[in-house]
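Student: Before anything else, here's the structure in question.
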Amino acid sequence: MQHYLQFKDFSADEYAYLFARAALIKKKFKAYEKHHTLVDRTLAMIFEKASTRTRVSFEAGMYQLGGSVVHLTTGDSQLGRAEPIEDSAKVISRMTDLVMIRTYEQTKIERFAANSRVPVINGLTNEFHPCQVLADIFTYIEHRGSIAGKTVAWVGDGNNMANTWLQAADLLGFTVHVSTPSGYEVKQSVAGLRSANSYRVFDDPLQACQGAHLVTTDVWTSMGYEAENEARRAAFASWCVNRAMMAAAAPDALFMHCLPAHRGEEVEAEVIDGPQSVVWDEAENRMHAQKALMEYLLLGRQS
């Protein structure tokens, strides 16, 4: 049994399989061909943080695989009434086949997984967002081919997305140019990298975008940090991905954003709605990549 709690939980070979499998699953979806590999399997989705894309992509994806879904929040279960995480894990994993959790601290999902009899997927924590970067790289491959040897520019907060991009670069052989305001840097110890060879740090976001094949960002204030909103607005004012940054990138560079986006804050409307943006493909690909992930965790490699 495998869990998927961080991007580095899988090998490069496993990711090669997942990207190929996601492409096949998406092709069948577009052709209205059934792909019911998880008939009679049940996914439990546990949300402590609000969600649009995570809920829709996992729920629709599981139904499309022929399975069913149980949706839980802290407000409608014992999870919000001080039942130990360990006890919830032991009960839920006896009744379902797979668990996806979207929560705050990474330690919560690790404690749940340690007591689960079924695979656990990280739908987002404060520290990591592996399913999003899985979909992002799949999207890049769709549009431009292999990401190996390429440069990804991360502009903005040193958050869960940044941590996950660094893990992906460390594993899959590309480079991340990181540019964050002072005080919001990525911490290598949190990202859990083997070395610092796969990323470079830039004070100037324009320089970080120079020659990049992909420019990506996120909101300035992630869920759970709303009290810092005004301070972050001031600190991040120069870290809005704009047309000048995209012009500095490679001529065929793509723009991505995990959404929701705030036009005029972390990205100009002309960029996110412009010809280099693939954010809608990226959003849809959460579903296809996660279908491949769920199938792999439950069935292993399929021919």
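Residues in the structure tokens are named by chain (A, B, ... in the order shown) and by number from 1 within that chain; ligands are numbered from 1 in the order shown.
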From the DSSP assignment of the backbone, select every residue of range 154-244 of chain A that is strand (DSSP E), and format the answer as a list in words.

Tutor: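 The strand (DSSP E) residues within range 154-244 of chain A come out as Trp154, Val155, Thr175, Val176, His177, Val178, Ser179, Tyr199, Arg200, Val201, Leu214, Val215, Thr216 and Thr217 of chain A.
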
Student: Where does DSSP see helix (DSSP H, G or I) in range 30-274 of chain A, if you list the residues as a ChimeraX atom specification?

Tutor: /A:30,53-64,78-80,85-95,106-114,130-144,160-172,188-191,205-209,226-235,243-248,269-272

Student: Given only C-alpha atoms, how would the per-residue table for range 63-175 of chain A near range 202-224 of chain A read, listing every residue at most 9 Å away with its closest atom pair and distance in Å to one decimal, sorted by chain and number, as CSV?

Tutor:
residue,atom,partner,partner_atom,distance
A:Tyr104,CA,A:Gly224,CA,7.7
A:Asn126,CA,A:Gly224,CA,8.2
A:Tyr140,CA,A:Leu214,CA,8.1
A:Ile147,CA,A:His213,CA,8.9
A:Lys150,CA,A:His213,CA,6.2
A:Thr151,CA,A:Ala212,CA,4.9
A:Val152,CA,A:Leu214,CA,4.8
A:Ala153,CA,A:Val215,CA,4.7
A:Trp154,CA,A:Thr216,CA,5.3
A:Val155,CA,A:Thr217,CA,5.3
A:Gly156,CA,A:Thr217,CA,5.9
A:Asp157,CA,A:Trp220,CA,6.2
A:Asn159,CA,A:Ser222,CA,8.0
A:Met161,CA,A:Asp218,CA,7.7
A:Ala162,CA,A:Thr217,CA,8.6

Student: Limited to N, CA and C atoms, could you put the picked residues into a file as an mmCIF file, in the first residue's frame?

Tutor:
data_model
loop_
_atom_site.group_PDB
_atom_site.id
_atom_site.type_symbol
_atom_site.label_atom_id
_atom_site.label_comp_id
_atom_site.auth_asym_id
_atom_site.auth_seq_id
_atom_site.Cartn_x
_atom_site.Cartn_y
_atom_site.Cartn_z
ATOM 1 N N TYR A 104 -5.001 21.453 7.086
ATOM 2 C CA TYR A 104 -4.021 22.487 7.404
ATOM 3 C C TYR A 104 -2.615 21.896 7.561
ATOM 4 N N ASN A 126 -0.913 22.918 4.374
ATOM 5 C CA ASN A 126 -0.149 24.168 4.415
ATOM 6 C C ASN A 126 1.224 24.018 3.772
ATOM 7 N N TYR A 140 1.964 20.726 -18.801
ATOM 8 C CA TYR A 140 3.143 21.168 -19.543
ATOM 9 C C TYR A 140 3.514 20.133 -20.609
ATOM 10 N N ILE A 147 9.357 17.925 -19.453
ATOM 11 C CA ILE A 147 9.780 19.078 -18.651
ATOM 12 C C ILE A 147 11.223 18.944 -18.207
ATOM 13 N N LYS A 150 14.095 21.757 -18.402
ATOM 14 C CA LYS A 150 13.444 23.061 -18.589
ATOM 15 C C LYS A 150 13.578 23.919 -17.322
ATOM 16 N N THR A 151 13.147 25.176 -17.435
ATOM 17 C CA THR A 151 13.183 26.108 -16.308
ATOM 18 C C THR A 151 11.776 26.588 -15.991
ATOM 19 N N VAL A 152 11.399 26.465 -14.722
ATOM 20 C CA VAL A 152 10.106 26.946 -14.224
ATOM 21 C C VAL A 152 10.372 28.150 -13.327
ATOM 22 N N ALA A 153 9.709 29.255 -13.580
ATOM 23 C CA ALA A 153 9.835 30.440 -12.729
ATOM 24 C C ALA A 153 8.674 30.476 -11.753
ATOM 25 N N TRP A 154 9.007 30.466 -10.473
ATOM 26 C CA TRP A 154 7.981 30.610 -9.433
ATOM 27 C C TRP A 154 8.059 32.036 -8.907
ATOM 28 N N VAL A 155 6.968 32.780 -9.049
ATOM 29 C CA VAL A 155 6.922 34.184 -8.638
ATOM 30 C C VAL A 155 5.853 34.336 -7.568
ATOM 31 N N GLY A 156 6.252 34.707 -6.348
ATOM 32 C CA GLY A 156 5.256 34.920 -5.299
ATOM 33 C C GLY A 156 5.645 34.328 -3.974
ATOM 34 N N ASP A 157 4.701 33.728 -3.309
ATOM 35 C CA ASP A 157 4.868 33.233 -1.944
ATOM 36 C C ASP A 157 5.641 31.905 -1.921
ATOM 37 N N ASN A 159 5.193 29.117 -0.632
ATOM 38 C CA ASN A 159 4.126 28.374 0.045
ATOM 39 C C ASN A 159 4.138 26.885 -0.323
ATOM 40 N N MET A 161 2.690 25.343 -2.773
ATOM 41 C CA MET A 161 2.943 25.125 -4.186
ATOM 42 C C MET A 161 4.433 25.245 -4.502
ATOM 43 N N ALA A 162 5.073 26.250 -3.951
ATOM 44 C CA ALA A 162 6.513 26.421 -4.179
ATOM 45 C C ALA A 162 7.283 25.215 -3.651
#

Student: Using only C-alpha atoms, which of the listed residues (A:Leu38, A:Met294, A:Val278, A:Ala248) sits closest to Ser57 in chain A?

Tutor: A:Met294

Student: Which residues come within 8 Å of Thr37 in chain A, counting only C-alpha atoms, excluding same-chain residues fewer than 6 positions away, as a short mmCIF file (atom, residue, chain, number, x, y, z; two decimals) with N, CA and C atoms, in the first residue's frame?

Tutor:
data_model
loop_
_atom_site.label_atom_id
_atom_site.label_comp_id
_atom_site.auth_asym_id
_atom_site.auth_seq_id
_atom_site.Cartn_x
_atom_site.Cartn_y
_atom_site.Cartn_z
N LEU A 65 -14.69 6.87 -12.97
CA LEU A 65 -13.98 5.60 -12.88
C LEU A 65 -14.90 4.46 -12.44
N GLY A 66 -16.19 4.79 -12.22
CA GLY A 66 -17.17 3.78 -11.84
C GLY A 66 -17.34 3.60 -10.36
N GLU A 295 -6.42 5.34 -9.53
CA GLU A 295 -6.36 4.01 -10.14
C GLU A 295 -5.05 3.33 -9.77
#

Student: If we count only C-alpha atoms, what is near range 231-242 of chain A at a cut-off of 8 Å, once residues fewer than 2 positions away on the same chain are taken out, given as a PyMOL selection string?

Tutor: chain A and resi 155-156+180-182+205+217+220-221+228-229+244-246+264-268+270-271

Student: State, in Å with one decimal place, the distance from CA of Gly123 in chain A to CA of Ala44 in chain A.

Tutor: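 Answer for the CA of Gly123 in chain A to CA of Ala44 in chain A separation: 11.7 Å.
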
Student: Near Tyr17 in chain A, counting only C-alpha atoms, which residues have an atom at most 12 Å away, once you skip same-chain residues fewer than 3 positions from it, shown as a PDB file with N, CA and C atoms, in the first residue's frame?

Tutor:
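Saved the output as part.pdb:
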ATOM      1  N   PHE A  10       6.629   9.449  -4.756  1.00  0.00           N
ATOM      2  CA  PHE A  10       6.727   8.586  -5.936  1.00  0.00           C
ATOM      3  C   PHE A  10       8.083   8.788  -6.610  1.00  0.00           C
ATOM      4  N   SER A  11       8.458   7.814  -7.426  1.00  0.00           N
ATOM      5  CA  SER A  11       9.711   7.889  -8.183  1.00  0.00           C
ATOM      6  C   SER A  11       9.463   8.527  -9.546  1.00  0.00           C
ATOM      7  N   ALA A  12      10.556   8.880 -10.222  1.00  0.00           N
ATOM      8  CA  ALA A  12      10.444   9.434 -11.575  1.00  0.00           C
ATOM      9  C   ALA A  12       9.790   8.425 -12.510  1.00  0.00           C
ATOM     10  N   ASP A  13      10.082   7.158 -12.336  1.00  0.00           N
ATOM     11  CA  ASP A  13       9.482   6.122 -13.181  1.00  0.00           C
ATOM     12  C   ASP A  13       7.976   6.024 -12.946  1.00  0.00           C
ATOM     13  N   GLU A  14       7.567   6.144 -11.694  1.00  0.00           N
ATOM     14  CA  GLU A  14       6.133   6.118 -11.405  1.00  0.00           C
ATOM     15  C   GLU A  14       5.432   7.315 -12.028  1.00  0.00           C
ATOM     16  N   ALA A  20       1.560   9.155 -18.603  1.00  0.00           N
ATOM     17  CA  ALA A  20       1.081   8.406 -19.766  1.00  0.00           C
ATOM     18  C   ALA A  20      -0.329   7.882 -19.532  1.00  0.00           C
ATOM     19  N   ARG A  21      -0.591   7.414 -18.335  1.00  0.00           N
ATOM     20  CA  ARG A  21      -1.919   6.888 -18.017  1.00  0.00           C
ATOM     21  C   ARG A  21      -2.959   8.004 -18.011  1.00  0.00           C
ATOM     22  N   ALA A  22      -2.599   9.160 -17.475  1.00  0.00           N
ATOM     23  CA  ALA A  22      -3.520  10.303 -17.472  1.00  0.00           C
ATOM     24  C   ALA A  22      -3.873  10.715 -18.894  1.00  0.00           C
ATOM     25  N   ALA A  23      -2.891  10.668 -19.800  1.00  0.00           N
ATOM     26  CA  ALA A  23      -3.152  11.015 -21.203  1.00  0.00           C
ATOM     27  C   ALA A  23      -4.148  10.037 -21.823  1.00  0.00           C
ATOM     28  N   LEU A  24      -3.992   8.739 -21.522  1.00  0.00           N
ATOM     29  CA  LEU A  24      -4.923   7.733 -22.043  1.00  0.00           C
ATOM     30  C   LEU A  24      -6.321   7.936 -21.477  1.00  0.00           C
ATOM     31  N   PHE A 138       1.687  17.514 -15.985  1.00  0.00           N
ATOM     32  CA  PHE A 138       0.956  16.827 -17.049  1.00  0.00           C
ATOM     33  C   PHE A 138       0.517  17.825 -18.120  1.00  0.00           C
ATOM     34  N   ALA A 289      -5.420  13.720 -14.118  1.00  0.00           N
ATOM     35  CA  ALA A 289      -4.226  13.259 -13.411  1.00  0.00           C
ATOM     36  C   ALA A 289      -4.604  12.513 -12.140  1.00  0.00           C
ATOM     37  N   ALA A 292      -5.800   8.974 -12.793  1.00  0.00           N
ATOM     38  CA  ALA A 292      -4.651   8.072 -12.957  1.00  0.00           C
ATOM     39  C   ALA A 292      -4.032   7.747 -11.597  1.00  0.00           C
ATOM     40  N   LEU A 293      -3.956   8.742 -10.732  1.00  0.00           N
ATOM     41  CA  LEU A 293      -3.389   8.548  -9.396  1.00  0.00           C
ATOM     42  C   LEU A 293      -4.229   7.582  -8.563  1.00  0.00           C
ATOM     43  N   GLU A 295      -6.417   5.344  -9.534  1.00  0.00           N
ATOM     44  CA  GLU A 295      -6.361   4.011 -10.138  1.00  0.00           C
ATOM     45  C   GLU A 295      -5.053   3.327  -9.768  1.00  0.00           C
ATOM     46  N   TYR A 296      -3.949   4.060  -9.838  1.00  0.00           N
ATOM     47  CA  TYR A 296      -2.635   3.481  -9.526  1.00  0.00           C
ATOM     48  C   TYR A 296      -2.536   3.060  -8.068  1.00  0.00           C
ATOM     49  N   GLY A 300      -2.495  -0.527  -8.954  1.00  0.00           N
ATOM     50  CA  GLY A 300      -1.158  -0.642  -9.508  1.00  0.00           C
ATOM     51  C   GLY A 300      -1.134  -0.318 -10.985  1.00  0.00           C
ATOM     52  N   ARG A 301      -0.081  -0.684 -11.662  1.00  0.00           N
ATOM     53  CA  ARG A 301       0.051  -0.380 -13.092  1.00  0.00           C
ATOM     54  C   ARG A 301      -0.902  -1.218 -13.921  1.00  0.00           C
ATOM     55  N   GLN A 302      -1.523  -0.544 -14.864  1.00  0.00           N
ATOM     56  CA  GLN A 302      -2.457  -1.211 -15.773  1.00  0.00           C
ATOM     57  C   GLN A 302      -1.883  -1.217 -17.182  1.00  0.00           C
ATOM     58  N   SER A 303      -2.117  -2.260 -17.914  1.00  0.00           N
ATOM     59  CA  SER A 303      -1.585  -2.349 -19.274  1.00  0.00           C
ATOM     60  C   SER A 303      -2.563  -1.691 -20.250  1.00  0.00           C
TER      61      SER A 303
END

Student: Rounded to one decimal, what separation in Å do you get between CA of Leu124 in chain A and CA of Val176 in chain A?

Tutor: 20.7 Å

Student: Report, in Å with one decimal, the straight-line distance from CA of Tyr225 in chain A to CA of Thr103 in chain A.

Tutor: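 One can read the CA of Tyr225 in chain A to CA of Thr103 in chain A distance as 13.5 Å.
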
Student: Which residue out of A:Asn122, A:Asp136, A:Ser51, A:Val178 has the minimum interatomic distance to Asp9 in chain A when only C-alpha atoms are used?

Tutor: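 Ranked by minimum distance to Asp9 in chain A, first place goes to A:Asn122.
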
Student: Considering only C-alpha atoms, can you say which of A:Phe128, A:Trp165, A:Phe255, A:Phe47 comes closest to His177 in chain A?

Tutor: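 The answer is A:Trp165, which sits nearest to His177 in chain A.
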
Student: Closest to Ile85 in chain A among A:Ile137, A:Met287, A:Ile46, A:Ala60, using only C-alpha atoms?

Tutor: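 Between A:Ile137, A:Met287, A:Ile46, A:Ala60, the residue approaching Ile85 in chain A most closely is A:Ile46.
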
Student: Extract, using only C-alpha atoms, all DNA, RNA and protein residues at most 7 Å from range 92-101 of chain A, discarding same-chain residues fewer than 4 positions from it, and format them as a list of chain:residue names.

Tutor: A:Arg41, A:Thr42, A:Leu43, A:Ala44, A:Met45, A:Ile46, A:Phe47, A:Ser88, A:Ile109, A:Ser116, A:Arg117, A:Val118, A:Pro119, A:Val120, A:Ile121, A:Asn122, A:Gly123
